[in-house]
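Text of coords18.pdb, listed as PDB, C-alpha atoms:
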```pdb
MODEL        1
ATOM      1  CA  MET O   1       0.000   0.000   0.000
ATOM      2  CA  LYS O   2       2.750   2.399   0.947
ATOM      3  CA  GLU O   3       4.517   1.979  -2.407
ATOM      4  CA  PHE O   4       1.288   2.526  -4.304
ATOM      5  CA  ASN O   5       0.553   5.680  -2.333
ATOM      6  CA  VAL O   6       4.072   6.939  -3.081
ATOM      7  CA  LEU O   7       3.474   6.273  -6.779
ATOM      8  CA  LEU O   8       0.289   8.348  -6.702
ATOM      9  CA  ASN O   9       1.913  11.172  -4.769
ATOM     10  CA  GLN O  10       4.820  11.371  -7.229
ATOM     11  CA  GLN O  11       2.592  12.129 -10.179
ATOM     12  CA  VAL O  12       2.957  15.536 -11.764
ATOM     13  CA  PHE O  13       0.168  16.777 -13.969
ATOM     14  CA  THR O  14       1.629  17.776 -17.293
ATOM     15  CA  ASP O  15       0.630  20.026 -20.108
ATOM     16  CA  PRO O  16      -0.944  18.860 -22.320
ATOM     17  CA  PRO O  17      -3.032  16.811 -19.911
ATOM     18  CA  ILE O  18      -4.504  13.448 -20.741
ATOM     19  CA  ALA O  19      -8.258  12.951 -20.743
ATOM     20  CA  GLU O  20      -9.981  11.855 -17.544
ATOM     21  CA  GLU O  21     -10.937   8.535 -19.149
ATOM     22  CA  ALA O  22      -7.291   7.915 -20.038
ATOM     23  CA  MET O  23      -6.259   8.626 -16.442
ATOM     24  CA  VAL O  24      -8.837   6.102 -15.235
ATOM     25  CA  THR O  25      -7.265   3.563 -17.599
ATOM     26  CA  VAL O  26      -3.794   4.379 -16.253
ATOM     27  CA  LEU O  27      -4.999   3.919 -12.670
ATOM     28  CA  ASP O  28      -6.673   0.614 -13.566
ATOM     29  CA  ASP O  29      -3.415  -0.545 -15.158
ATOM     30  CA  TRP O  30      -1.455   0.388 -12.032
ATOM     31  CA  VAL O  31      -3.933  -1.456  -9.819
ATOM     32  CA  ASN O  32      -3.715  -4.543 -12.044
ATOM     33  CA  PHE O  33       0.085  -4.384 -12.030
ATOM     34  CA  TYR O  34       0.228  -4.296  -8.232
ATOM     35  CA  VAL O  35      -2.418  -7.007  -7.832
ATOM     36  CA  ASN O  36      -0.630  -9.313 -10.291
ATOM     37  CA  TYR O  37       2.696  -8.732  -8.567
ATOM     38  CA  TYR O  38       1.407  -9.382  -5.048
ATOM     39  CA  ARG O  39      -0.845 -12.272  -6.108
ATOM     40  CA  GLN O  40       2.309 -14.382  -6.485
ATOM     41  CA  GLN O  41       3.189 -13.755  -2.838
ATOM     42  CA  VAL O  42      -0.206 -14.656  -1.346
ATOM     43  CA  VAL O  43      -0.274 -17.978   0.471
ATOM     44  CA  GLY O  44      -3.113 -20.119   1.767
ATOM     45  CA  GLU O  45      -6.007 -21.969   0.240
ATOM     46  CA  GLU O  46      -7.330 -20.768  -3.089
ATOM     47  CA  GLN O  47     -10.423 -19.207  -1.544
ATOM     48  CA  GLU O  48      -8.289 -17.307   0.990
ATOM     49  CA  GLN O  49      -5.953 -16.156  -1.782
ATOM     50  CA  ASP O  50      -8.856 -14.921  -3.892
ATOM     51  CA  ARG O  51     -10.295 -13.024  -0.942
ATOM     52  CA  ALA O  52      -6.906 -11.439  -0.129
ATOM     53  CA  VAL O  53      -6.382 -10.388  -3.744
ATOM     54  CA  GLN O  54      -9.899  -8.935  -3.951
ATOM     55  CA  GLU O  55      -9.308  -7.023  -0.723
ATOM     56  CA  LEU O  56      -6.012  -5.671  -2.071
ATOM     57  CA  ARG O  57      -7.701  -4.581  -5.296
ATOM     58  CA  GLN O  58     -10.398  -2.741  -3.323
ATOM     59  CA  GLN O  59      -7.848  -1.011  -1.090
ATOM     60  CA  LEU O  60      -5.836   0.145  -4.093
ATOM     61  CA  ARG O  61      -8.951   1.492  -5.806
ATOM     62  CA  THR O  62      -9.807   3.322  -2.602
ATOM     63  CA  LEU O  63      -6.373   4.963  -2.703
ATOM     64  CA  CYS O  64      -6.984   5.959  -6.338
ATOM     65  CA  ALA O  65     -10.198   7.846  -5.612
ATOM     66  CA  PRO O  66      -8.648  10.976  -4.031
ATOM     67  CA  PHE O  67      -5.980  11.069  -6.716
ATOM     68  CA  LEU O  68      -8.619  10.937  -9.447
ATOM     69  CA  ASP O  69     -10.608  13.701  -7.715
ATOM     70  CA  LYS O  70      -7.457  15.811  -7.626
ATOM     71  CA  TYR O  71      -6.868  15.118 -11.329
ATOM     72  CA  LYS O  72     -10.455  16.084 -12.191
ATOM     73  CA  ALA O  73      -9.990  19.358 -10.318
ATOM     74  CA  PHE O  74      -6.780  19.936 -12.251
ATOM     75  CA  LEU O  75      -8.594  19.411 -15.560
ATOM     76  CA  LYS O  76     -11.370  21.808 -14.553
ATOM     77  CA  SER O  77      -8.820  24.479 -13.655
ATOM     78  CA  LEU O  78      -7.476  24.571 -17.214
TER      79      LEU O  78
ENDMDL
END
```
How does this structure look as structure tokens?
Amino acid sequence: MKEFNVLLNQQVFTDPPIAEEAMVTVLDDWVNFYVNYYRQQVVGEEQEQDRAVQELRQQLRTLCAPFLDKYKAFLKSL
């Protein structure tokens, strides 16, 4: 979680900006990258692994929400 939060906080909004939909795609890609990486490290029965991965995915999406709100505000300020 900490690394993902650092990744979000390091982002600098550039000019020209990308569309909001494209940023959503970027965030989804980042979430999938992290989930796929950490999925290999999850131990336990398959059902426990699936639940842990789903929980991780939800937590990462929760972290994305404020970043996306900040990006939307940035786009509106242009």
Margin query: Please compute the atom CA of O:Arg51-atom CA of O:Tyr38 distance, one decimal, in Å.
Written below: 12.9 Å
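Evaluated against the shown file, the PyMOL selection byres ((chain O and resi 60) around 9) gives Met1, Phe4, Asn5, Val31, Tyr34, Val35, Glu55, Leu56, Arg57, Gln58, Gln59, Arg61, Thr62, Leu63, Cys64 and Ala65 of chain O.
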Kindly save the residues from that selection, with C-alpha atoms included, as a CSV table (one decimal), keeping the file's coordinate frame.
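part.csv written:
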```csv
chain,number,residue,atom,x,y,z
O,1,MET,CA,0.0,0.0,0.0
O,4,PHE,CA,1.3,2.5,-4.3
O,5,ASN,CA,0.6,5.7,-2.3
O,31,VAL,CA,-3.9,-1.5,-9.8
O,34,TYR,CA,0.2,-4.3,-8.2
O,35,VAL,CA,-2.4,-7.0,-7.8
O,55,GLU,CA,-9.3,-7.0,-0.7
O,56,LEU,CA,-6.0,-5.7,-2.1
O,57,ARG,CA,-7.7,-4.6,-5.3
O,58,GLN,CA,-10.4,-2.7,-3.3
O,59,GLN,CA,-7.8,-1.0,-1.1
O,61,ARG,CA,-9.0,1.5,-5.8
O,62,THR,CA,-9.8,3.3,-2.6
O,63,LEU,CA,-6.4,5.0,-2.7
O,64,CYS,CA,-7.0,6.0,-6.3
O,65,ALA,CA,-10.2,7.8,-5.6
```
Note to self: Using the chain letters and numbers from this file, what does the PyMOL selection byres ((chain O and resi 27) around 10) select? Give the answer as number ranges by chain.
What the structure shows: O: 8, 21-26, 28-33, 60-61, 64-65, 67-68
With C-alpha atoms retained, could you export that selection as a short mmCIF file (atom, residue, chain, number, x, y, z; two decimals), in the coordinates of the input?
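Full text of selection-v1.cif as output:
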```
data_model
loop_
_atom_site.label_atom_id
_atom_site.label_comp_id
_atom_site.auth_asym_id
_atom_site.auth_seq_id
_atom_site.Cartn_x
_atom_site.Cartn_y
_atom_site.Cartn_z
CA LEU O 8 0.29 8.35 -6.70
CA GLU O 21 -10.94 8.54 -19.15
CA ALA O 22 -7.29 7.92 -20.04
CA MET O 23 -6.26 8.63 -16.44
CA VAL O 24 -8.84 6.10 -15.24
CA THR O 25 -7.26 3.56 -17.60
CA VAL O 26 -3.79 4.38 -16.25
CA ASP O 28 -6.67 0.61 -13.57
CA ASP O 29 -3.42 -0.55 -15.16
CA TRP O 30 -1.46 0.39 -12.03
CA VAL O 31 -3.93 -1.46 -9.82
CA ASN O 32 -3.72 -4.54 -12.04
CA PHE O 33 0.08 -4.38 -12.03
CA LEU O 60 -5.84 0.14 -4.09
CA ARG O 61 -8.95 1.49 -5.81
CA CYS O 64 -6.98 5.96 -6.34
CA ALA O 65 -10.20 7.85 -5.61
CA PHE O 67 -5.98 11.07 -6.72
CA LEU O 68 -8.62 10.94 -9.45
#
```
Checklist line | Residue among O:Ser77, O:Gln47, O:Gln40, O:Lys72 lying closest to O:Ala19, counting all atoms listed in the file | finding: O:Lys72
Notebook entry, point to check: What is the atom CA of O:Thr14 to atom CA of O:Asp69 distance in Å?
Noted result: 16.1 Å
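Rounded to one decimal, atom CA of O:Lys76 and atom CA of O:Gln11 lie 17.5 Å from each other.
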Find the residues near O:Tyr71: any atom within 8 Å, counting only C-alpha atoms, skip ones fewer than 4 places away on the same chain, and give them as a CSV table (one decimal) with C-alpha atoms, in the frame of the given file.
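Here's the written file out19.csv:
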```
chain,number,residue,atom,x,y,z
O,13,PHE,CA,0.2,16.8,-14.0
O,20,GLU,CA,-10.0,11.9,-17.5
O,67,PHE,CA,-6.0,11.1,-6.7
O,75,LEU,CA,-8.6,19.4,-15.6
```
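Considering only C-alpha atoms, the residue among O:Val42, O:Tyr37, O:Lys2, O:Phe74 positioned nearest to O:Ile18 is O:Phe74.
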